[in-house]
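This is structure.cif. It holds mmCIF, C-alpha atoms.
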data_input
#
loop_
_atom_site.label_atom_id
_atom_site.label_comp_id
_atom_site.auth_asym_id
_atom_site.auth_seq_id
_atom_site.Cartn_x
_atom_site.Cartn_y
_atom_site.Cartn_z
CA MET A 1 0.00 0.00 0.00
CA LYS A 2 2.87 2.36 0.79
CA MET A 3 4.33 1.83 -2.69
CA LYS A 4 1.00 2.65 -4.36
CA THR A 5 0.58 5.75 -2.20
CA THR A 6 4.09 6.96 -3.08
CA VAL A 7 3.51 6.46 -6.79
CA LEU A 8 0.17 8.26 -6.53
CA CYS A 9 1.89 11.22 -4.85
CA MET A 10 4.49 11.29 -7.62
CA MET A 11 1.73 11.25 -10.25
CA LEU A 12 0.03 14.18 -8.54
CA LEU A 13 3.30 16.11 -8.50
CA LEU A 14 3.78 15.36 -12.17
CA CYS A 15 0.27 16.51 -13.01
CA LEU A 16 0.81 19.72 -11.07
CA GLY A 17 4.14 19.98 -12.91
CA GLN A 18 5.94 21.61 -10.05
CA THR A 19 7.39 21.11 -6.60
CA LEU A 20 9.79 23.03 -4.37
CA SER A 21 13.55 22.60 -4.62
CA ALA A 22 14.85 22.04 -1.06
CA GLN A 23 18.14 23.72 -1.85
CA ASP A 24 17.02 26.91 -3.59
CA ASN A 25 13.47 27.20 -2.26
CA VAL A 26 12.25 27.97 -5.78
CA VAL A 27 9.65 26.28 -7.97
CA ASP A 28 11.09 23.22 -9.73
CA GLU A 29 9.50 20.73 -12.10
CA VAL A 30 9.13 16.97 -11.81
CA VAL A 31 9.84 15.89 -15.38
CA TRP A 32 10.15 12.10 -15.02
CA VAL A 33 9.06 9.55 -12.42
CA VAL A 34 10.84 6.16 -12.34
CA GLY A 35 9.43 3.72 -9.77
CA ASP A 36 8.93 5.93 -6.74
CA GLU A 37 11.79 8.29 -7.65
CA ALA A 38 11.26 11.72 -9.21
CA ILE A 39 13.67 13.30 -11.70
CA LEU A 40 13.65 17.07 -11.34
CA LYS A 41 14.33 19.67 -14.00
CA SER A 42 17.07 21.03 -11.72
CA GLU A 43 18.83 17.62 -11.79
CA VAL A 44 18.81 17.66 -15.58
CA GLU A 45 20.07 21.26 -15.71
CA GLU A 46 22.88 20.47 -13.27
CA ALA A 47 23.92 17.43 -15.30
CA ARG A 48 23.83 19.53 -18.47
CA LEU A 49 26.04 22.19 -16.85
CA ASN A 50 28.55 19.52 -15.74
CA ALA A 51 28.54 18.07 -19.27
CA LEU A 52 29.27 21.50 -20.75
CA TYR A 53 32.13 21.92 -18.28
CA GLN A 54 33.58 18.54 -19.38
CA GLY A 55 33.19 19.43 -23.07
CA ARG A 56 30.75 16.59 -23.75
CA ARG A 57 28.78 16.56 -27.01
CA PHE A 58 25.35 14.94 -26.98
CA ASP A 59 24.07 12.60 -29.68
CA GLY A 60 20.60 14.13 -29.64
CA ASP A 61 18.64 16.60 -27.53
CA PRO A 62 20.26 16.82 -24.06
CA TYR A 63 16.79 17.19 -22.53
CA CYS A 64 16.04 13.72 -23.90
CA VAL A 65 19.47 12.11 -23.38
CA ILE A 66 20.18 13.31 -19.82
CA PRO A 67 16.91 12.33 -18.09
CA GLU A 68 17.07 8.91 -19.78
CA GLU A 69 20.61 8.42 -18.42
CA ILE A 70 19.41 9.43 -14.94
CA ALA A 71 16.45 7.03 -15.29
CA VAL A 72 18.78 4.14 -16.21
CA GLN A 73 20.94 4.95 -13.19
CA LYS A 74 17.85 4.84 -10.96
CA LEU A 75 17.06 1.34 -12.25
CA PHE A 76 20.51 0.15 -11.21
CA LEU A 77 20.35 2.00 -7.87
CA HIS A 78 16.98 0.43 -7.08
CA GLN A 79 18.42 -3.02 -7.75
CA ALA A 80 21.52 -2.16 -5.69
CA GLU A 81 19.20 -1.29 -2.80
CA LEU A 82 17.39 -4.61 -3.15
CA ASP A 83 20.74 -6.44 -3.24
CA SER A 84 22.11 -4.46 -0.25
CA ILE A 85 25.12 -3.18 -2.21
CA GLU A 86 27.15 -0.61 -0.27
CA VAL A 87 30.39 1.24 -1.03
CA SER A 88 33.30 2.31 1.14
CA GLU A 89 33.04 5.83 2.52
CA ASN A 90 36.83 6.04 2.11
CA ASP A 91 36.41 5.47 -1.63
CA VAL A 92 33.69 8.14 -1.76
CA ILE A 93 35.82 10.69 0.09
CA ARG A 94 38.85 10.01 -2.11
CA GLN A 95 36.81 10.53 -5.27
CA VAL A 96 35.21 13.71 -3.90
CA ASP A 97 38.61 15.12 -2.89
CA PHE A 98 40.07 14.25 -6.28
CA GLN A 99 37.19 15.75 -8.28
CA THR A 100 37.11 18.91 -6.14
CA ASN A 101 40.85 19.41 -6.63
CA GLN A 102 40.44 18.85 -10.37
CA PHE A 103 37.67 21.46 -10.54
CA ILE A 104 39.81 23.98 -8.67
CA ALA A 105 42.86 23.25 -10.83
CA ASN A 106 40.95 23.51 -14.11
CA ILE A 107 38.76 26.51 -13.24
CA GLY A 108 41.51 28.45 -11.49
CA SER A 109 40.55 28.82 -7.85
CA ARG A 110 38.04 27.75 -5.22
CA GLU A 111 36.25 31.09 -5.57
CA LYS A 112 35.95 30.74 -9.36
CA MET A 113 34.64 27.20 -8.91
CA GLU A 114 31.92 28.46 -6.56
CA GLU A 115 31.02 31.21 -9.02
CA TYR A 116 30.90 28.77 -11.97
CA PHE A 117 28.56 26.33 -10.24
CA ASN A 118 26.72 29.05 -8.28
CA LYS A 119 27.22 27.04 -5.08
CA THR A 120 29.43 27.13 -2.03
CA SER A 121 32.33 24.67 -1.80
CA SER A 122 30.41 22.73 0.85
CA GLN A 123 27.36 22.45 -1.42
CA ILE A 124 29.53 21.34 -4.34
CA ARG A 125 31.22 18.67 -2.20
CA GLU A 126 27.86 17.44 -0.86
CA THR A 127 26.50 17.12 -4.41
CA LEU A 128 29.67 15.35 -5.50
CA ARG A 129 29.45 13.06 -2.47
CA GLU A 130 25.98 11.82 -3.40
CA ASN A 131 26.83 11.56 -7.10
CA VAL A 132 30.05 9.65 -6.40
CA ARG A 133 28.33 7.28 -3.96
CA ASP A 134 25.55 6.58 -6.47
CA GLY A 135 28.07 6.14 -9.29
CA LEU A 136 30.12 3.63 -7.31
CA ARG A 137 27.00 1.67 -6.34
CA VAL A 138 25.89 1.58 -9.97
CA GLN A 139 29.34 0.29 -10.98
CA GLN A 140 29.19 -2.46 -8.36
CA MET A 141 25.66 -3.41 -9.41
CA GLN A 142 26.69 -3.62 -13.06
CA GLN A 143 29.73 -5.68 -12.14
CA LYS A 144 27.51 -8.11 -10.27
CA LEU A 145 25.25 -8.47 -13.31
CA VAL A 146 28.12 -9.12 -15.75
CA GLY A 147 30.52 -10.88 -13.37
CA GLU A 148 29.98 -14.30 -14.95
CA VAL A 149 30.40 -13.14 -18.57
CA LYS A 150 33.42 -14.81 -20.21
CA VAL A 151 34.90 -14.97 -23.73
CA THR A 152 37.09 -17.68 -25.26
CA PRO A 153 40.25 -17.25 -27.39
CA ALA A 154 38.27 -18.65 -30.35
CA GLU A 155 35.66 -15.87 -29.96
CA VAL A 156 38.40 -13.24 -29.88
CA ARG A 157 40.09 -14.62 -33.02
CA ARG A 158 36.72 -14.85 -34.81
CA TYR A 159 35.92 -11.24 -33.88
CA PHE A 160 39.27 -10.02 -35.23
CA GLN A 161 39.01 -12.08 -38.44
CA ASP A 162 35.53 -10.71 -39.17
CA LEU A 163 36.59 -7.08 -38.85
CA PRO A 164 36.93 -5.09 -42.10
CA PRO A 165 40.49 -3.72 -42.49
CA ASP A 166 39.32 -0.15 -41.91
CA SER A 167 37.61 -1.20 -38.63
CA ILE A 168 40.66 -2.77 -36.98
CA PRO A 169 41.16 -0.86 -33.70
CA TYR A 170 43.99 1.62 -33.42
CA VAL A 171 46.01 1.06 -30.24
CA PRO A 172 47.12 4.41 -28.77
CA THR A 173 50.59 4.87 -27.33
CA GLN A 174 50.95 3.00 -24.05
CA VAL A 175 53.52 3.44 -21.29
CA GLU A 176 54.67 1.70 -18.13
CA VAL A 177 55.74 3.98 -15.30
CA GLN A 178 57.62 3.38 -12.05
CA ILE A 179 57.17 5.80 -9.19
CA ILE A 180 58.80 6.77 -5.90
CA THR A 181 56.87 9.04 -3.56
CA GLN A 182 57.71 10.60 -0.22
CA GLN A 183 55.41 12.38 2.19
CA PRO A 184 56.76 15.84 3.05
CA ARG A 185 57.92 16.02 6.65
CA VAL A 186 55.33 17.95 8.60
CA PRO A 187 56.93 19.92 11.45
CA ILE A 188 56.15 18.40 14.85
CA GLU A 189 54.96 21.84 15.95
CA GLU A 190 52.24 21.72 13.27
CA VAL A 191 51.10 18.24 14.37
CA GLU A 192 51.02 19.33 18.01
CA ALA A 193 49.05 22.46 17.06
CA VAL A 194 46.42 20.31 15.31
CA LYS A 195 46.16 17.99 18.31
CA ALA A 196 45.88 20.97 20.66
CA ARG A 197 42.96 22.34 18.65
CA LEU A 198 41.18 18.97 18.78
CA ARG A 199 41.77 18.74 22.55
CA GLU A 200 40.32 22.24 22.86
CA PHE A 201 37.24 21.16 20.87
CA THR A 202 36.78 18.14 23.15
CA ASP A 203 37.07 20.33 26.25
CA ARG A 204 34.50 22.83 24.95
CA ILE A 205 32.04 20.05 24.10
CA ASN A 206 32.47 18.35 27.48
CA LYS A 207 31.89 21.66 29.29
CA GLY A 208 28.69 22.24 27.33
CA GLU A 209 29.99 25.44 25.76
CA THR A 210 29.11 24.24 22.26
CA SER A 211 28.05 21.10 20.40
CA PHE A 212 30.12 18.63 18.42
CA SER A 213 28.02 19.28 15.30
CA THR A 214 28.56 23.05 15.49
CA LEU A 215 32.33 22.67 15.69
CA ALA A 216 32.27 20.14 12.85
CA ARG A 217 30.35 22.56 10.61
CA MET A 218 32.77 25.36 11.41
CA TYR A 219 36.15 23.62 11.42
CA SER A 220 36.16 20.06 10.06
CA GLU A 221 38.26 19.66 6.91
CA ASP A 222 36.09 16.80 5.70
CA ARG A 223 33.77 19.25 4.01
CA GLY A 224 31.50 16.49 2.77
CA THR A 225 30.42 15.62 6.32
CA ALA A 226 31.00 19.06 7.85
CA ILE A 227 27.86 20.38 6.17
CA ASN A 228 25.91 17.76 8.18
CA GLY A 229 27.64 18.51 11.47
CA GLY A 230 30.31 15.88 10.86
CA GLU A 231 27.72 13.10 10.60
CA MET A 232 28.58 10.00 8.57
CA PRO A 233 26.07 7.37 7.37
CA PHE A 234 25.87 3.87 8.86
CA MET A 235 29.06 2.02 7.92
CA GLY A 236 30.73 -1.31 8.54
CA ARG A 237 34.24 -1.68 9.92
CA GLY A 238 35.64 -2.60 6.51
CA GLN A 239 34.35 0.65 4.98
CA LEU A 240 36.44 2.82 7.32
CA ASP A 241 40.13 3.56 7.74
CA PRO A 242 41.40 0.82 10.13
CA ALA A 243 42.70 3.22 12.79
CA PHE A 244 39.49 5.26 12.63
CA ALA A 245 37.35 2.09 12.83
CA ASN A 246 39.23 0.70 15.85
CA VAL A 247 38.48 3.82 17.87
CA ALA A 248 34.94 4.38 16.58
CA PHE A 249 33.77 0.83 17.27
CA ASN A 250 35.15 0.97 20.82
CA LEU A 251 32.96 3.95 21.71
CA GLN A 252 30.08 2.99 24.00
CA SER A 253 28.23 6.23 24.73
CA PRO A 254 27.32 9.39 22.75
CA ASP A 255 28.33 11.39 25.83
CA LYS A 256 32.01 10.46 25.44
CA ILE A 257 34.25 12.00 22.78
CA SER A 258 36.99 9.73 21.45
CA LYS A 259 40.67 10.20 21.94
CA ILE A 260 42.50 11.81 19.02
CA VAL A 261 43.00 9.26 16.24
CA GLU A 262 45.38 9.56 13.28
CA SER A 263 44.27 8.12 9.93
CA GLU A 264 45.73 8.42 6.46
CA TYR A 265 43.58 11.55 6.02
CA GLY A 266 44.71 13.47 9.12
CA PHE A 267 43.64 13.66 12.78
CA HIS A 268 40.09 13.10 14.08
CA ILE A 269 37.89 13.18 17.12
CA ILE A 270 34.77 11.02 16.96
CA GLN A 271 31.35 10.99 18.62
CA LEU A 272 29.15 7.89 18.62
CA LEU A 273 25.58 8.38 17.39
CA GLU A 274 24.20 4.85 17.03
CA LYS A 275 25.24 1.19 16.73
CA ARG A 276 23.29 -1.45 14.84
CA GLY A 277 24.96 -4.84 14.94
CA ASP A 278 28.18 -4.61 12.94
CA ARG A 279 27.39 -1.13 11.61
CA ILE A 280 27.96 2.23 13.22
CA ARG A 281 26.94 5.86 12.73
CA VAL A 282 29.25 8.57 14.07
CA ARG A 283 30.17 12.21 13.83
CA HIS A 284 33.77 13.27 13.36
CA ILE A 285 35.93 16.36 13.05
CA LEU A 286 38.95 16.09 10.75
CA LEU A 287 41.94 18.44 10.89
CA LYS A 288 44.95 18.09 8.60
CA PRO A 289 48.41 19.37 9.50
CA HIS A 290 49.48 22.07 7.08
CA VAL A 291 52.49 21.16 4.93
CA PRO A 292 54.67 24.28 4.59
CA ASP A 293 56.31 25.11 1.28
CA SER A 294 59.70 24.57 2.91
CA ALA A 295 58.76 20.92 3.60
CA LEU A 296 57.69 20.40 -0.03
CA ILE A 297 60.94 21.90 -1.28
CA ALA A 298 62.96 19.75 1.13
CA GLY A 299 61.04 16.65 0.00
CA MET A 300 61.72 17.36 -3.66
CA ASN A 301 65.39 18.00 -2.92
CA ARG A 302 65.62 14.58 -1.19
CA LEU A 303 64.08 12.87 -4.20
CA ASP A 304 66.31 14.74 -6.64
CA SER A 305 69.31 13.49 -4.64
CA ILE A 306 67.93 9.91 -4.80
CA ALA A 307 67.43 10.28 -8.56
CA ASP A 308 71.04 11.44 -8.97
CA ASP A 309 72.30 8.40 -7.02
CA ILE A 310 70.26 6.11 -9.30
CA ARG A 311 71.65 7.80 -12.41
CA ASN A 312 75.15 7.34 -10.98
CA GLU A 313 74.34 3.63 -10.48
CA LYS A 314 74.76 3.65 -6.69
CA PHE A 315 71.54 1.61 -6.59
CA THR A 316 68.64 0.89 -8.91
CA PHE A 317 65.29 2.62 -9.17
CA GLU A 318 63.64 -0.69 -8.26
CA ASP A 319 65.66 -1.01 -5.04
CA ALA A 320 64.99 2.63 -4.12
CA ALA A 321 61.25 2.19 -4.68
CA THR A 322 61.17 -0.92 -2.49
CA VAL A 323 63.12 0.64 0.39
CA LEU A 324 62.45 4.37 0.21
CA SER A 325 59.03 4.94 -1.39
CA HIS A 326 56.09 5.84 0.84
CA ASP A 327 53.56 4.65 -1.77
CA LYS A 328 52.13 1.44 -0.30
CA ASP A 329 50.45 0.43 -3.59
CA THR A 330 53.69 0.31 -5.60
CA ARG A 331 56.71 -0.15 -3.32
CA ASN A 332 56.26 -3.93 -3.13
CA ASN A 333 56.23 -4.08 -6.93
CA HIS A 334 59.48 -2.15 -7.51
CA GLY A 335 57.54 1.08 -7.92
CA LEU A 336 55.55 -0.13 -10.97
CA LEU A 337 52.30 1.82 -11.21
CA PRO A 338 49.23 -0.46 -11.65
CA ASN A 339 46.41 0.52 -13.98
CA PRO A 340 43.12 -0.26 -12.18
CA ASN A 341 41.20 0.14 -15.45
CA ASN A 342 42.72 -2.93 -17.09
CA ASN A 343 44.56 -4.72 -14.26
CA THR A 344 47.90 -4.35 -16.06
CA SER A 345 50.80 -1.89 -15.73
CA ARG A 346 50.15 -0.32 -19.16
CA PHE A 347 48.57 3.13 -19.38
CA GLU A 348 47.34 5.25 -22.21
CA MET A 349 48.46 8.80 -21.55
CA GLN A 350 44.98 10.05 -20.60
CA GLU A 351 44.68 7.29 -18.00
CA LEU A 352 47.68 8.48 -16.01
CA PRO A 353 47.28 11.05 -13.23
CA PRO A 354 47.62 14.39 -15.06
CA GLU A 355 50.73 15.46 -13.14
CA ILE A 356 52.51 12.23 -14.14
CA ALA A 357 51.27 12.31 -17.75
CA LYS A 358 52.62 15.84 -18.21
CA VAL A 359 56.09 14.72 -17.09
CA VAL A 360 56.19 11.32 -18.82
CA ASP A 361 55.05 12.69 -22.18
CA LYS A 362 58.49 14.30 -22.72
CA MET A 363 60.63 11.45 -21.34
CA ASN A 364 62.64 8.73 -23.05
CA VAL A 365 62.50 5.08 -21.99
CA GLY A 366 64.76 4.51 -18.97
CA GLU A 367 64.86 8.21 -18.09
CA ILE A 368 64.20 9.41 -14.52
CA SER A 369 62.32 12.65 -13.97
CA GLU A 370 63.14 15.58 -11.77
CA ALA A 371 61.07 15.75 -8.58
CA PHE A 372 57.57 17.24 -8.68
CA THR A 373 54.48 17.27 -6.47
CA MET A 374 51.07 15.70 -6.97
CA ILE A 375 47.90 14.88 -5.03
CA PRO A 376 47.10 11.14 -5.33
CA GLN A 377 43.41 10.31 -5.62
CA ASN A 378 43.61 7.61 -2.94
CA THR A 379 44.80 9.91 -0.12
CA GLY A 380 44.16 13.51 -1.10
CA LYS A 381 47.52 14.46 0.47
CA GLU A 382 50.21 16.28 -1.51
CA VAL A 383 53.34 14.16 -2.02
CA CYS A 384 56.75 14.57 -3.67
CA VAL A 385 57.39 12.29 -6.64
CA ILE A 386 59.98 11.07 -9.13
CA VAL A 387 59.08 8.71 -11.98
CA LYS A 388 60.92 6.46 -14.40
CA LEU A 389 59.57 5.65 -17.85
CA LYS A 390 59.93 1.86 -17.94
CA SER A 391 58.53 1.23 -21.44
CA ARG A 392 56.66 2.87 -24.29
CA VAL A 393 54.74 1.17 -27.11
CA ASN A 394 53.90 3.63 -29.86
CA GLY A 395 50.41 3.74 -31.35
CA HIS A 396 49.64 1.14 -34.05
CA LYS A 397 46.88 -0.93 -35.68
CA ALA A 398 45.97 -3.87 -33.42
CA THR A 399 47.28 -7.35 -34.21
CA ILE A 400 46.09 -10.62 -32.66
CA SER A 401 49.66 -11.55 -31.64
CA GLU A 402 50.65 -8.26 -29.98
CA ASP A 403 47.28 -6.98 -28.76
CA TYR A 404 45.32 -10.10 -27.85
CA GLN A 405 44.42 -8.77 -24.40
CA ARG A 406 43.07 -5.51 -25.83
CA LEU A 407 40.99 -7.36 -28.41
CA LYS A 408 39.75 -9.72 -25.72
CA ASP A 409 38.72 -6.71 -23.63
CA ILE A 410 36.82 -5.26 -26.61
CA VAL A 411 34.90 -8.52 -27.13
CA LEU A 412 34.29 -8.91 -23.39
CA GLU A 413 33.01 -5.33 -23.13
CA LYS A 414 30.70 -5.99 -26.09
CA ARG A 415 29.26 -9.09 -24.38
CA ARG A 416 28.84 -7.24 -21.09
CA ALA A 417 27.10 -4.33 -22.82
CA GLU A 418 24.68 -6.81 -24.39
CA VAL A 419 23.90 -8.30 -20.96
CA LEU A 420 23.29 -4.87 -19.39
CA ASP A 421 21.23 -3.74 -22.37
CA LYS A 422 18.97 -6.80 -22.01
CA TRP A 423 18.68 -6.28 -18.24
CA ILE A 424 17.60 -2.63 -18.67
CA ARG A 425 14.93 -3.57 -21.22
CA GLU A 426 13.57 -6.29 -18.93
CA LYS A 427 13.64 -3.96 -15.90
CA GLN A 428 11.66 -1.33 -17.82
CA LYS A 429 8.78 -3.79 -18.21
CA THR A 430 8.24 -4.06 -14.44
CA THR A 431 9.02 -0.46 -13.44
CA TYR A 432 6.47 2.35 -13.20
CA VAL A 433 7.53 5.22 -15.49
CA ARG A 434 5.83 8.53 -16.15
CA ILE A 435 7.25 11.33 -18.32
CA LYS A 436 5.85 14.87 -18.54
CA ASP A 437 4.38 15.26 -22.01
CA SER A 438 6.57 18.19 -22.97
CA TRP A 439 9.65 16.12 -22.08
CA LYS A 440 8.96 13.13 -24.31
CA HIS A 441 7.80 14.64 -27.60
CA ASN A 442 10.37 14.31 -30.39
CA CYS A 443 12.64 12.21 -28.16
CA ASN A 444 14.28 9.21 -29.81
CA PHE A 445 15.10 7.29 -26.64
CA LYS A 446 17.83 4.63 -26.64
CA TYR A 447 15.42 2.39 -24.70
CA PRO A 448 11.92 2.92 -26.13
CA GLY A 449 10.29 1.04 -23.24
CA TRP A 450 10.04 4.23 -21.17
CA VAL A 451 6.95 5.31 -23.05
CA LYS A 452 4.11 2.93 -22.21
CA GLU A 453 0.95 3.72 -24.12
#

In structure tokens, what does this structure look like?
Amino acid sequence: MKMKTTVLCMMLLLCLGQTLSAQDNVVDEVVWVVGDEAILKSEVEEARLNALYQGRRFDGDPYCVIPEEIAVQKLFLHQAELDSIEVSENDVIRQVDFQTNQFIANIGSREKMEEYFNKTSSQIRETLRENVRDGLRVQQMQQKLVGEVKVTPAEVRRYFQDLPPDSIPYVPTQVEVQIITQQPRVPIEEVEAVKARLREFTDRINKGETSFSTLARMYSEDRGTAINGGEMPFMGRGQLDPAFANVAFNLQSPDKISKIVESEYGFHIIQLLEKRGDRIRVRHILLKPHVPDSALIAGMNRLDSIADDIRNEKFTFEDAATVLSHDKDTRNNHGLLPNPNNNTSRFEMQELPPEIAKVVDKMNVGEISEAFTMIPQNTGKEVCVIVKLKSRVNGHKATISEDYQRLKDIVLEKRRAEVLDKWIREKQKTTYVRIKDSWKHNCNFKYPGWVKE
């Protein structure tokens, strides 16, 4: 009965053609309803603005293409909810930090970013947070649906043999890169100053002078949760940084503030809100020690000295990466950077972190770069880096002997796309869909099943 009531409410909103946007308190339109989820005109406009920023060109009317893409995402999200698919908050935060830093770098400054999107930084991060979380859940749901899809060598060979000569894929230039990173040394005075501020916050909360949520909104450097008073959603132990989880799960009462805990993101204090079995909901305040320019310069000087020793054959790059690198994902593999997109060590230039791609593009095989700084997506902390170009394969037409894995990936992706396409069409048949008349005329939808006459 609740489902029918919700759908009825959505139909009424659609007939009225308007509702109120919670964020802007202005009239907004419900343009699609998928299941019991509304798609608002403001959602479509925001997606269109982001697409313009990214330079995307639409194959058709964006007011047809974008809401259909959102509707498809809602189908996957609904199934993810049914299948209890969750994502790590650490992964969400890393993506949000990375995307925010990319916006700032590309637009020019935090202030220009806020002006471009007509939102505060906190509002931008909160929107990114929800979009990233939904995107990761959709990816996991899709992976679950196609996880059993396999292709055989015979299928790959048959695919390649059937291709017309002018359709044989062109393989872009690929590189393998080794990396050594070092965290700049933060002065102990800076660390102690951060801890002192957190102890002060704890003291003020315990004395009743202010609330945890107020201080989180004002001072926490996790801006995604700061907007909600530092509150995080229910999470399992495995979704949290191990040090953070150990302290959070040992809290017994909301009246007690945790001791200061150091994670890979910085320093925190934590307040328990609720426990449910093996899941927990907490508030936190995050402060990050400031890395002075002098520490960055000193870090780059250390790496330049290491690079000189390698060039002078005092030791190898591989040995230096294993012993000296702070990058936990590469130091046990002689510094070789893994490509998570294809589970190999080969990257096309656009797949590399932009700071690395800019340096590697001008290097010769075997050459070691001068030191530079970058902000890795997985930590959001600025590090000092040197890289070595291990190999380069120039762009060429694919061959079955040299590029079997790439051709296999093409065939596998084709099979997976077919599975997902079939799933979407079947899901449409059992999902309530309503589209405002003015938003479906002249639309040539990729999946015609939205319109049910």

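The list of residues with at least one atom within 7 Å of Val138 (chain A), based on only C-alpha atoms and without residues fewer than 6 positions apart in the same chain, reads Gln73, Phe76 and Leu77 of chain A.
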
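Residue nearest Tyr265 (chain A), chosen from A:Tyr159, A:Asn250, A:Ile179, A:Glu382 and counting only C-alpha atoms: A:Glu382.
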
Worksheet item: Nearest to Ala105 (chain A) among A:Leu198, A:Gly366, A:Glu426, A:Pro354, with distances taken over all atoms listed in the file: which residue is it?
Response: A:Pro354

Fill in: d(CA of Ile297 (chain A), CA of Lys358 (chain A)) in Å
19.8 Å

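Taking CA of Ile269 (chain A) and CA of Val96 (chain A) as the two end points, the separation is 21.2 Å.
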
Practice prompt. Run the PyMOL selection byres ((chain A and resi 32-40) around 7) mentally over the shown coordinates, then write out the matched residues as a ChimeraX atom specification, using the chain letters and numbers from the document.
Written response: /A:6-7,10,28-31,41-44,71,431-436

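Using all atoms listed in the file, the nearest neighbour of Asn332 (chain A) within the list A:Glu355, A:Ala154, A:Glu89, A:Ile180 is A:Ile180.
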
Discussion item. For a test of reading the model, state the distance in Å between CA of Val146 (chain A) and CA of Trp423 (chain A), rounded to one decimal.
Written reply: 10.2 Å

Worksheet entry | Exercise: Pro338 (chain A) partners within 12 Å, only C-alpha atoms, chain neighbours under 2 positions left out, as a list of chain:residue names |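 Residues near the query, excluding close chain neighbours: A:Val175, A:Glu176, A:Val177, A:Gln178, A:Ile179, A:Asp327, A:Lys328, A:Asp329, A:Thr330, A:Arg331, A:Asn332, A:Asn333, A:His334, A:Gly335, A:Leu336, A:Pro340, A:Asn341, A:Asn342, A:Asn343, A:Thr344, A:Ser345, A:Arg346, A:Phe347, A:Glu351, A:Leu352, A:Pro353.
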
Discussion item. Would you pick out the contacts of Lys144 (chain A) at 12 Å or less, using all atoms listed in the file, so that residues sharing its chain but fewer than 2 positions from it are not included, and give the list as a PyMOL selection string?
Written reply: chain A and resi 76+79-80+83-85+137-142+146-149+416+419-420

Selected residues written out, C-alpha atoms, as a PDB file, in the coordinates of the input:
ATOM      1  CA  PHE A  76      20.510   0.150 -11.210  1.00  0.00           C
ATOM      2  CA  GLN A  79      18.420  -3.020  -7.750  1.00  0.00           C
ATOM      3  CA  ALA A  80      21.520  -2.160  -5.690  1.00  0.00           C
ATOM      4  CA  ASP A  83      20.740  -6.440  -3.240  1.00  0.00           C
ATOM      5  CA  SER A  84      22.110  -4.460  -0.250  1.00  0.00           C
ATOM      6  CA  ILE A  85      25.120  -3.180  -2.210  1.00  0.00           C
ATOM      7  CA  ARG A 137      27.000   1.670  -6.340  1.00  0.00           C
ATOM      8  CA  VAL A 138      25.890   1.580  -9.970  1.00  0.00           C
ATOM      9  CA  GLN A 139      29.340   0.290 -10.980  1.00  0.00           C
ATOM     10  CA  GLN A 140      29.190  -2.460  -8.360  1.00  0.00           C
ATOM     11  CA  MET A 141      25.660  -3.410  -9.410  1.00  0.00           C
ATOM     12  CA  GLN A 142      26.690  -3.620 -13.060  1.00  0.00           C
ATOM     13  CA  VAL A 146      28.120  -9.120 -15.750  1.00  0.00           C
ATOM     14  CA  GLY A 147      30.520 -10.880 -13.370  1.00  0.00           C
ATOM     15  CA  GLU A 148      29.980 -14.300 -14.950  1.00  0.00           C
ATOM     16  CA  VAL A 149      30.400 -13.140 -18.570  1.00  0.00           C
ATOM     17  CA  ARG A 416      28.840  -7.240 -21.090  1.00  0.00           C
ATOM     18  CA  VAL A 419      23.900  -8.300 -20.960  1.00  0.00           C
ATOM     19  CA  LEU A 420      23.290  -4.870 -19.390  1.00  0.00           C
TER      20      LEU A 420
END

Worksheet entry | Option closest in space to Thr373 (chain A), from A:Ile124, A:Ile356, A:Val151, A:Leu75 [counting only C-alpha atoms] | A:Ile356

Worksheet item: Using only C-alpha atoms, which of the listed residues (A:Gly277, A:Gln174, A:Asp91, A:Glu126) sits closest to Gln350 (chain A)?
Response: A:Gln174

Discussion item. When you count only C-alpha atoms, which of these residues is closest to Gln95 (chain A): A:Leu407, A:Ile368, A:Ile375, A:Cys384?
Written reply: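 The closest residue to Gln95 (chain A) is A:Ile375.
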
Discussion item. I need every residue sitting at most 12 Å from the point (25.1, 17.8, 7.1) (coordinates as in the file, all atoms listed in the file considered), written as JSON, numbers by chain.
Written reply: {"A": [122, 123, 125, 126, 127, 129, 213, 214, 216, 217, 218, 220, 222, 223, 224, 225, 226, 227, 228, 229, 230, 231, 232, 233, 283, 284]}

Fill in: Polymer residues at most 7 Å from (43.4, 3.0, 6.4) by all atoms listed in the file, as a list of chain:residue names
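I get A:Asp241, A:Pro242, A:Ala243, A:Ser263, A:Glu264 for the residues within 7 Å of that point.
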
Worksheet entry | Explicit residues for the PyMOL selection byres ((chain A and resi 310-319) around 8) (as an MDAnalysis selection string) | chainID A and resid 306:309 320:323 334:335 368 388

Item to complete: Please evaluate the PyMOL selection byres ((chain A and resi 444) around 9) against the structure above and give the resulting residues as an MDAnalysis selection string.
Response: chainID A and resid 60:61 64:65 440:443 445:448

Could you give me, as a short mmCIF file (atom, residue, chain, number, x, y, z; two decimals) with C-alpha atoms, in the coordinates of the input, the residues within 9 Å of Glu370 (chain A), counting only C-alpha atoms and dropping anything in the same chain fewer than 4 positions from it?
data_model
loop_
_atom_site.label_atom_id
_atom_site.label_comp_id
_atom_site.auth_asym_id
_atom_site.auth_seq_id
_atom_site.Cartn_x
_atom_site.Cartn_y
_atom_site.Cartn_z
CA MET A 300 61.72 17.36 -3.66
CA LEU A 303 64.08 12.87 -4.20
CA ASP A 304 66.31 14.74 -6.64
CA ALA A 307 67.43 10.28 -8.56
CA VAL A 359 56.09 14.72 -17.09
CA VAL A 385 57.39 12.29 -6.64
CA ILE A 386 59.98 11.07 -9.13
CA VAL A 387 59.08 8.71 -11.98
#
